[in-house]
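Undergrad: Input file: entry-v4.csv. Contents: CSV, N, CA and C atoms.
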```
chain,number,residue,atom,x,y,z
A,1,MET,N,-49.2,10.2,4.8
A,1,MET,CA,-49.1,8.8,4.4
A,1,MET,C,-50.0,8.0,5.3
A,2,PRO,N,-50.9,7.2,4.7
A,2,PRO,CA,-51.8,6.3,5.4
A,2,PRO,C,-51.1,5.4,6.3
A,3,LEU,N,-51.7,5.0,7.4
A,3,LEU,CA,-51.1,4.1,8.4
A,3,LEU,C,-50.8,2.8,7.8
A,4,ASN,N,-51.5,2.3,6.9
A,4,ASN,CA,-51.3,1.0,6.3
A,4,ASN,C,-50.4,1.0,5.1
A,5,ASP,N,-49.8,2.1,4.8
A,5,ASP,CA,-48.9,2.2,3.6
A,5,ASP,C,-47.7,1.4,3.7
A,6,VAL,N,-47.1,0.9,2.6
A,6,VAL,CA,-45.9,0.3,2.6
A,6,VAL,C,-44.9,1.2,1.8
A,7,PRO,N,-44.1,2.0,2.5
A,7,PRO,CA,-43.3,2.9,1.8
A,7,PRO,C,-42.1,2.3,1.0
A,8,TRP,N,-41.7,2.9,-0.1
A,8,TRP,CA,-40.6,2.4,-0.9
A,8,TRP,C,-39.4,3.2,-0.5
A,9,THR,N,-38.2,2.5,-0.6
A,9,THR,CA,-37.0,3.1,-0.3
A,9,THR,C,-36.6,4.3,-1.2
A,10,ARG,N,-37.0,4.2,-2.5
A,10,ARG,CA,-36.8,5.2,-3.5
A,10,ARG,C,-38.2,5.5,-4.1
A,11,PRO,N,-38.6,6.7,-4.2
A,11,PRO,CA,-39.9,7.0,-4.8
A,11,PRO,C,-39.8,6.8,-6.3
A,12,VAL,N,-41.0,6.7,-6.9
A,12,VAL,CA,-41.1,6.6,-8.4
A,12,VAL,C,-41.7,7.9,-8.9
A,13,ARG,N,-40.9,8.6,-9.7
A,13,ARG,CA,-41.4,9.8,-10.4
A,13,ARG,C,-41.8,9.5,-11.8
A,14,ILE,N,-42.9,9.9,-12.2
A,14,ILE,CA,-43.4,9.7,-13.6
A,14,ILE,C,-43.8,11.0,-14.2
A,15,ARG,N,-43.8,10.9,-15.6
A,15,ARG,CA,-44.3,12.1,-16.3
A,15,ARG,C,-45.6,11.7,-16.9
A,16,LEU,N,-46.6,12.4,-16.5
A,16,LEU,CA,-48.0,12.1,-16.9
A,16,LEU,C,-48.1,12.5,-18.4
A,17,GLN,N,-49.2,12.0,-19.1
A,17,GLN,CA,-49.3,12.3,-20.5
A,17,GLN,C,-49.6,13.7,-20.8
A,18,CYS,N,-50.0,14.5,-19.8
A,18,CYS,CA,-50.2,15.9,-19.9
A,18,CYS,C,-48.9,16.7,-19.8
A,19,GLY,N,-47.8,16.0,-19.4
A,19,GLY,CA,-46.5,16.7,-19.2
A,19,GLY,C,-46.2,16.9,-17.8
A,20,LEU,N,-47.1,16.9,-16.9
A,20,LEU,CA,-46.8,17.1,-15.4
A,20,LEU,C,-46.1,15.9,-14.9
A,21,GLU,N,-45.3,16.1,-13.8
A,21,GLU,CA,-44.6,15.1,-13.1
A,21,GLU,C,-45.3,14.8,-11.8
A,22,ARG,N,-45.3,13.5,-11.4
A,22,ARG,CA,-45.9,13.1,-10.2
A,22,ARG,C,-45.0,12.1,-9.5
A,23,THR,N,-44.9,12.2,-8.2
A,23,THR,CA,-44.1,11.3,-7.4
A,23,THR,C,-44.9,10.4,-6.5
A,24,PHE,N,-44.5,9.1,-6.5
A,24,PHE,CA,-45.2,8.1,-5.7
A,24,PHE,C,-44.2,7.5,-4.7
A,25,SER,N,-44.5,7.5,-3.4
A,25,SER,CA,-43.6,7.0,-2.4
A,25,SER,C,-43.9,5.7,-1.7
A,26,GLY,N,-45.0,5.1,-2.1
A,26,GLY,CA,-45.4,3.9,-1.5
A,26,GLY,C,-46.5,3.2,-2.3
A,27,ALA,N,-46.8,2.0,-1.8
A,27,ALA,CA,-47.8,1.1,-2.5
A,27,ALA,C,-49.2,1.7,-2.4
A,28,TYR,N,-49.5,2.4,-1.3
A,28,TYR,CA,-50.9,2.9,-1.2
A,28,TYR,C,-51.2,4.0,-2.2
A,29,ASP,N,-50.3,4.9,-2.4
A,29,ASP,CA,-50.5,6.0,-3.4
A,29,ASP,C,-50.5,5.4,-4.8
A,30,ALA,N,-49.6,4.4,-5.0
A,30,ALA,CA,-49.6,3.8,-6.4
A,30,ALA,C,-50.9,3.1,-6.7
A,31,LEU,N,-51.4,2.3,-5.7
A,31,LEU,CA,-52.7,1.6,-5.9
A,31,LEU,C,-53.8,2.6,-6.1
A,32,ASP,N,-53.9,3.6,-5.4
A,32,ASP,CA,-54.9,4.6,-5.5
A,32,ASP,C,-54.9,5.2,-7.0
A,33,PHE,N,-53.7,5.5,-7.4
A,33,PHE,CA,-53.5,6.0,-8.8
A,33,PHE,C,-53.9,4.9,-9.8
A,34,LEU,N,-53.5,3.7,-9.6
A,34,LEU,CA,-53.9,2.6,-10.6
A,34,LEU,C,-55.4,2.4,-10.6
A,35,GLU,N,-56.0,2.5,-9.5
A,35,GLU,CA,-57.5,2.3,-9.5
A,35,GLU,C,-58.3,3.4,-9.9
A,36,ASN,N,-57.9,4.7,-9.6
A,36,ASN,CA,-58.8,5.8,-9.8
A,36,ASN,C,-58.4,6.8,-10.8
A,37,GLU,N,-57.1,6.9,-11.2
A,37,GLU,CA,-56.6,7.9,-12.1
A,37,GLU,C,-55.9,7.4,-13.3
A,38,TRP,N,-55.9,6.1,-13.5
A,38,TRP,CA,-55.1,5.4,-14.5
A,38,TRP,C,-55.7,5.8,-15.9
A,39,PRO,N,-54.9,6.2,-16.9
A,39,PRO,CA,-55.5,6.6,-18.2
A,39,PRO,C,-56.0,5.4,-19.0
A,40,PHE,N,-55.5,4.2,-18.7
A,40,PHE,CA,-55.9,3.0,-19.5
A,40,PHE,C,-56.3,2.0,-18.5
A,41,ARG,N,-57.4,1.3,-18.8
A,41,ARG,CA,-57.9,0.2,-17.9
A,41,ARG,C,-57.3,-1.1,-18.2
A,42,HIS,N,-56.8,-1.3,-19.4
A,42,HIS,CA,-56.3,-2.6,-19.8
A,42,HIS,C,-54.8,-2.6,-20.0
A,43,GLY,N,-54.3,-3.7,-19.7
A,43,GLY,CA,-52.8,-3.9,-19.9
A,43,GLY,C,-52.3,-4.9,-18.9
A,44,GLN,N,-51.5,-5.8,-19.3
A,44,GLN,CA,-50.9,-6.8,-18.4
A,44,GLN,C,-50.2,-6.3,-17.3
A,45,ARG,N,-49.4,-5.3,-17.5
A,45,ARG,CA,-48.6,-4.7,-16.4
A,45,ARG,C,-49.4,-3.9,-15.4
A,46,HIS,N,-50.5,-3.3,-15.9
A,46,HIS,CA,-51.4,-2.6,-15.1
A,46,HIS,C,-52.1,-3.6,-14.1
A,47,ASP,N,-52.6,-4.7,-14.7
A,47,ASP,CA,-53.2,-5.7,-13.9
A,47,ASP,C,-52.3,-6.3,-12.9
A,48,ARG,N,-51.0,-6.6,-13.3
A,48,ARG,CA,-50.1,-7.1,-12.3
A,48,ARG,C,-49.7,-6.1,-11.2
A,49,ALA,N,-49.6,-4.8,-11.6
A,49,ALA,CA,-49.3,-3.8,-10.6
A,49,ALA,C,-50.4,-3.7,-9.6
A,50,LEU,N,-51.7,-3.8,-10.0
A,50,LEU,CA,-52.8,-3.8,-9.1
A,50,LEU,C,-52.7,-4.9,-8.1
A,51,LYS,N,-52.4,-6.1,-8.6
A,51,LYS,CA,-52.3,-7.3,-7.7
A,51,LYS,C,-51.1,-7.2,-6.7
A,52,VAL,N,-50.0,-6.7,-7.3
A,52,VAL,CA,-48.8,-6.7,-6.5
A,52,VAL,C,-48.9,-5.6,-5.4
A,53,CYS,N,-49.4,-4.4,-5.8
A,53,CYS,CA,-49.5,-3.4,-4.8
A,53,CYS,C,-50.5,-3.8,-3.6
A,54,ARG,N,-51.6,-4.5,-4.0
A,54,ARG,CA,-52.5,-5.0,-3.0
A,54,ARG,C,-51.8,-6.0,-2.1
A,55,GLY,N,-50.9,-6.9,-2.7
A,55,GLY,CA,-50.2,-7.8,-2.0
A,55,GLY,C,-49.2,-7.2,-1.0
A,56,ALA,N,-48.6,-6.1,-1.5
A,56,ALA,CA,-47.6,-5.4,-0.6
A,56,ALA,C,-48.3,-4.8,0.6
A,57,LEU,N,-49.5,-4.3,0.4
A,57,LEU,CA,-50.3,-3.7,1.5
A,57,LEU,C,-50.8,-4.7,2.5
A,58,ASN,N,-51.0,-5.9,2.0
A,58,ASN,CA,-51.4,-7.0,3.0
A,58,ASN,C,-50.2,-7.8,3.5
A,59,GLY,N,-49.0,-7.4,3.1
A,59,GLY,CA,-47.8,-8.0,3.7
A,59,GLY,C,-47.3,-9.3,3.0
A,60,SER,N,-47.9,-9.7,1.9
A,60,SER,CA,-47.5,-10.9,1.3
A,60,SER,C,-46.5,-10.7,0.2
A,61,ILE,N,-46.2,-9.5,-0.2
A,61,ILE,CA,-45.3,-9.2,-1.3
A,61,ILE,C,-44.4,-8.0,-0.8
A,62,ALA,N,-43.1,-8.1,-1.2
A,62,ALA,CA,-42.1,-7.1,-0.8
A,62,ALA,C,-42.4,-5.8,-1.5
A,63,ALA,N,-42.1,-4.7,-0.8
A,63,ALA,CA,-42.3,-3.4,-1.3
A,63,ALA,C,-41.6,-3.1,-2.6
A,64,VAL,N,-40.4,-3.6,-2.7
A,64,VAL,CA,-39.6,-3.4,-3.9
A,64,VAL,C,-40.2,-4.1,-5.1
A,65,VAL,N,-40.9,-5.2,-5.0
A,65,VAL,CA,-41.6,-5.8,-6.1
A,65,VAL,C,-42.8,-5.0,-6.5
A,66,ALA,N,-43.5,-4.4,-5.6
A,66,ALA,CA,-44.6,-3.5,-5.9
A,66,ALA,C,-44.1,-2.2,-6.6
A,67,ARG,N,-43.0,-1.7,-6.2
A,67,ARG,CA,-42.4,-0.5,-6.8
A,67,ARG,C,-42.0,-0.8,-8.3
A,68,ASP,N,-41.4,-2.0,-8.5
A,68,ASP,CA,-41.0,-2.3,-9.8
A,68,ASP,C,-42.2,-2.6,-10.7
A,69,ALA,N,-43.2,-3.2,-10.2
A,69,ALA,CA,-44.4,-3.5,-11.0
A,69,ALA,C,-45.1,-2.2,-11.4
A,70,PHE,N,-45.2,-1.3,-10.4
A,70,PHE,CA,-45.8,0.0,-10.7
A,70,PHE,C,-45.1,0.8,-11.8
A,71,ALA,N,-43.7,0.8,-11.7
A,71,ALA,CA,-42.9,1.5,-12.7
A,71,ALA,C,-43.1,0.8,-14.1
A,72,ALA,N,-43.2,-0.5,-14.1
A,72,ALA,CA,-43.4,-1.2,-15.4
A,72,ALA,C,-44.8,-0.8,-16.0
A,73,ALA,N,-45.8,-0.7,-15.2
A,73,ALA,CA,-47.1,-0.4,-15.6
A,73,ALA,C,-47.1,1.0,-16.2
A,74,CYS,N,-46.4,1.9,-15.5
A,74,CYS,CA,-46.3,3.3,-16.0
A,74,CYS,C,-45.7,3.4,-17.4
A,75,LEU,N,-44.6,2.6,-17.6
A,75,LEU,CA,-43.9,2.6,-18.9
A,75,LEU,C,-44.9,2.0,-19.9
A,76,GLU,N,-45.6,0.9,-19.6
A,76,GLU,CA,-46.5,0.3,-20.5
A,76,GLU,C,-47.6,1.4,-21.0
A,77,ALA,N,-48.0,2.2,-20.1
A,77,ALA,CA,-49.0,3.2,-20.4
A,77,ALA,C,-48.5,4.5,-21.0
A,78,GLY,N,-47.2,4.5,-21.3
A,78,GLY,CA,-46.6,5.7,-22.0
A,78,GLY,C,-46.3,6.8,-21.0
A,79,MET,N,-46.1,6.5,-19.7
A,79,MET,CA,-45.7,7.5,-18.7
A,79,MET,C,-44.3,7.1,-18.2
A,80,PRO,N,-43.3,7.7,-18.8
A,80,PRO,CA,-41.9,7.4,-18.5
A,80,PRO,C,-41.6,7.7,-17.0
A,81,THR,N,-40.8,6.9,-16.4
A,81,THR,CA,-40.3,7.1,-15.1
A,81,THR,C,-39.1,8.1,-15.2
A,82,MET,N,-39.0,8.9,-14.2
A,82,MET,CA,-37.9,9.8,-14.1
A,82,MET,C,-36.8,9.2,-13.1
A,83,MET,N,-35.6,9.0,-13.6
A,83,MET,CA,-34.6,8.3,-12.8
A,83,MET,C,-34.1,9.2,-11.7
A,84,ASP,N,-34.0,8.7,-10.5
A,84,ASP,CA,-33.4,9.4,-9.4
A,84,ASP,C,-31.9,9.2,-9.6
A,85,THR,N,-31.1,10.2,-9.2
A,85,THR,CA,-29.7,10.1,-9.4
A,85,THR,C,-29.1,8.8,-8.7
A,86,ARG,N,-29.7,8.3,-7.7
A,86,ARG,CA,-29.3,7.1,-7.0
A,86,ARG,C,-29.6,5.9,-7.9
A,87,ASP,N,-30.5,6.0,-8.8
A,87,ASP,CA,-30.8,4.9,-9.7
A,87,ASP,C,-29.8,4.7,-10.8
A,88,ARG,N,-29.1,5.8,-11.1
A,88,ARG,CA,-28.2,5.7,-12.3
A,88,ARG,C,-26.9,5.0,-11.9
A,89,LYS,N,-26.4,4.2,-12.8
A,89,LYS,CA,-25.2,3.5,-12.5
A,89,LYS,C,-24.1,4.3,-13.2
A,90,PRO,N,-22.9,4.4,-12.5
A,90,PRO,CA,-21.8,5.1,-13.1
A,90,PRO,C,-21.4,4.4,-14.4
A,91,PRO,N,-21.0,5.2,-15.4
A,91,PRO,CA,-20.6,4.6,-16.6
A,91,PRO,C,-19.3,3.8,-16.4
A,92,GLY,N,-19.2,2.7,-17.1
A,92,GLY,CA,-18.1,1.8,-17.0
A,92,GLY,C,-16.9,2.5,-17.7
A,93,HIS,N,-15.7,2.0,-17.4
A,93,HIS,CA,-14.5,2.5,-18.1
A,93,HIS,C,-14.4,1.9,-19.5
A,94,PRO,N,-14.4,2.8,-20.5
A,94,PRO,CA,-14.3,2.3,-21.8
A,94,PRO,C,-13.0,1.7,-22.1
A,95,ARG,N,-12.9,0.7,-22.9
A,95,ARG,CA,-11.7,0.0,-23.2
A,95,ARG,C,-10.9,0.9,-24.2
A,96,PRO,N,-9.6,1.0,-24.1
A,96,PRO,CA,-8.9,1.9,-25.1
A,96,PRO,C,-8.9,1.1,-26.4
A,97,PRO,N,-8.7,1.9,-27.5
A,97,PRO,CA,-8.6,1.3,-28.8
A,97,PRO,C,-7.4,0.3,-28.8
A,98,PRO,N,-7.5,-0.8,-29.6
A,98,PRO,CA,-6.4,-1.8,-29.5
A,98,PRO,C,-5.0,-1.2,-29.8
A,99,HIS,N,-4.9,-0.2,-30.6
A,99,HIS,CA,-3.6,0.4,-30.9
A,99,HIS,C,-3.0,1.2,-29.8
A,100,LEU,N,-3.9,1.5,-28.8
A,100,LEU,CA,-3.4,2.3,-27.6
A,100,LEU,C,-3.2,1.4,-26.4
A,101,ALA,N,-3.7,0.1,-26.5
A,101,ALA,CA,-3.6,-0.8,-25.3
A,101,ALA,C,-2.2,-1.0,-24.9
A,102,ILE,N,-1.9,-1.1,-23.6
A,102,ILE,CA,-0.6,-1.4,-23.2
A,102,ILE,C,-0.4,-2.9,-23.1
A,103,SER,N,0.6,-3.4,-23.7
A,103,SER,CA,0.8,-4.9,-23.6
A,103,SER,C,1.4,-5.3,-22.3
A,104,GLY,N,1.2,-6.5,-21.9
A,104,GLY,CA,1.7,-7.0,-20.6
A,104,GLY,C,3.2,-7.4,-20.6
A,105,ARG,N,4.0,-6.9,-21.6
A,105,ARG,CA,5.4,-7.3,-21.6
A,105,ARG,C,6.2,-6.5,-20.7
```
Please rewrite the model in this file as structure tokens.
TA:
Amino acid sequence: MPLNDVPWTRPVRIRLQCGLERTFSGAYDALDFLENEWPFRHGQRHDRALKVCRGALNGSIAAVVARDAFAAACLEAGMPTMMDTRDRKPPGHPRPPPHLAISGR
């Protein structure tokens, strides 16, 4: 990890268009990927992710904002993010059908 990196609390795992998976743990790696390996050069989310990752590296933007912008750019480019189990929310309790609901009497 470079000395000037801004690490994320949770890495971003993506599936590349070739099917391989890749993990990014901070703004520096994400910016390097955005600048040098990105499959598409155009896109609003790509442009925003470039600016936001640079801002995170110079200390003017929070790391979590850079992480979210990078993940959004990946989705825009057709590279889905792979959810970490900590990112998943537990399912809510489904309501019982009305005929099974217990009345408050």
Undergrad: May I ask which of the residues A:Arg54, A:Val65, A:Cys74, A:Pro80 is the closest one to Asp32 (chain A), counting only C-alpha atoms?
TA: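 Answer, going by the shortest atom-to-atom distance: A:Arg54.
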Undergrad: So that I can check the surroundings of Ala69 (chain A), please list as a list in words every protein, DNA and RNA residue that reaches within 8 Å of it, counting all atoms listed in the file and ignoring chain neighbours fewer than 6 positions away.
TA: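 Final neighbour list, sorted by chain and number: Arg45, His46, Arg48, Ala49, Leu50, Val52, Cys53, Ala63 and Leu75 of chain A.
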Undergrad: Please report, as a PyMOL selection string, each residue of region 7-69 of chain A to which DSSP assigns strand (DSSP E) when run on this structure's backbone.
TA: chain A and resi 7-15+21-26
Undergrad: Take the residues from that selection and put them in a file with N, CA and C atoms, as an mmCIF file, keeping the file's coordinate frame.
TA:
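The resulting selection.cif:
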```cif
data_model
loop_
_atom_site.group_PDB
_atom_site.id
_atom_site.type_symbol
_atom_site.label_atom_id
_atom_site.label_comp_id
_atom_site.auth_asym_id
_atom_site.auth_seq_id
_atom_site.Cartn_x
_atom_site.Cartn_y
_atom_site.Cartn_z
ATOM 1 N N PRO A 7 -44.100 2.000 2.500
ATOM 2 C CA PRO A 7 -43.300 2.900 1.800
ATOM 3 C C PRO A 7 -42.100 2.300 1.000
ATOM 4 N N TRP A 8 -41.700 2.900 -0.100
ATOM 5 C CA TRP A 8 -40.600 2.400 -0.900
ATOM 6 C C TRP A 8 -39.400 3.200 -0.500
ATOM 7 N N THR A 9 -38.200 2.500 -0.600
ATOM 8 C CA THR A 9 -37.000 3.100 -0.300
ATOM 9 C C THR A 9 -36.600 4.300 -1.200
ATOM 10 N N ARG A 10 -37.000 4.200 -2.500
ATOM 11 C CA ARG A 10 -36.800 5.200 -3.500
ATOM 12 C C ARG A 10 -38.200 5.500 -4.100
ATOM 13 N N PRO A 11 -38.600 6.700 -4.200
ATOM 14 C CA PRO A 11 -39.900 7.000 -4.800
ATOM 15 C C PRO A 11 -39.800 6.800 -6.300
ATOM 16 N N VAL A 12 -41.000 6.700 -6.900
ATOM 17 C CA VAL A 12 -41.100 6.600 -8.400
ATOM 18 C C VAL A 12 -41.700 7.900 -8.900
ATOM 19 N N ARG A 13 -40.900 8.600 -9.700
ATOM 20 C CA ARG A 13 -41.400 9.800 -10.400
ATOM 21 C C ARG A 13 -41.800 9.500 -11.800
ATOM 22 N N ILE A 14 -42.900 9.900 -12.200
ATOM 23 C CA ILE A 14 -43.400 9.700 -13.600
ATOM 24 C C ILE A 14 -43.800 11.000 -14.200
ATOM 25 N N ARG A 15 -43.800 10.900 -15.600
ATOM 26 C CA ARG A 15 -44.300 12.100 -16.300
ATOM 27 C C ARG A 15 -45.600 11.700 -16.900
ATOM 28 N N GLU A 21 -45.300 16.100 -13.800
ATOM 29 C CA GLU A 21 -44.600 15.100 -13.100
ATOM 30 C C GLU A 21 -45.300 14.800 -11.800
ATOM 31 N N ARG A 22 -45.300 13.500 -11.400
ATOM 32 C CA ARG A 22 -45.900 13.100 -10.200
ATOM 33 C C ARG A 22 -45.000 12.100 -9.500
ATOM 34 N N THR A 23 -44.900 12.200 -8.200
ATOM 35 C CA THR A 23 -44.100 11.300 -7.400
ATOM 36 C C THR A 23 -44.900 10.400 -6.500
ATOM 37 N N PHE A 24 -44.500 9.100 -6.500
ATOM 38 C CA PHE A 24 -45.200 8.100 -5.700
ATOM 39 C C PHE A 24 -44.200 7.500 -4.700
ATOM 40 N N SER A 25 -44.500 7.500 -3.400
ATOM 41 C CA SER A 25 -43.600 7.000 -2.400
ATOM 42 C C SER A 25 -43.900 5.700 -1.700
ATOM 43 N N GLY A 26 -45.000 5.100 -2.100
ATOM 44 C CA GLY A 26 -45.400 3.900 -1.500
ATOM 45 C C GLY A 26 -46.500 3.200 -2.300
#
```
Undergrad: Could you please determine the separation between atom C of Arg13 (chain A) and atom C of Gly78 (chain A) in Å, to one decimal place?
TA: 10.6 Å
Undergrad: Please list as a PyMOL selection string every residue within 7 Å of Ala71 (chain A), counting all atoms listed in the file and excluding residues in the same chain fewer than 4 positions away.
TA: chain A and resi 12+66-67+75-76+81
Undergrad: Have a look at atom N of Cys18 (chain A) and CA of Ala56 (chain A) and let me know their distance in Å, one decimal.
TA: 27.8 Å
Undergrad: Which residue out of A:Gly43, A:Asn58, A:Ala72, A:Phe24 has the minimum interatomic distance to Arg10 (chain A) when all atoms listed in the file are used?
TA: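 Among the listed residues, A:Phe24 lies closest to Arg10 (chain A).
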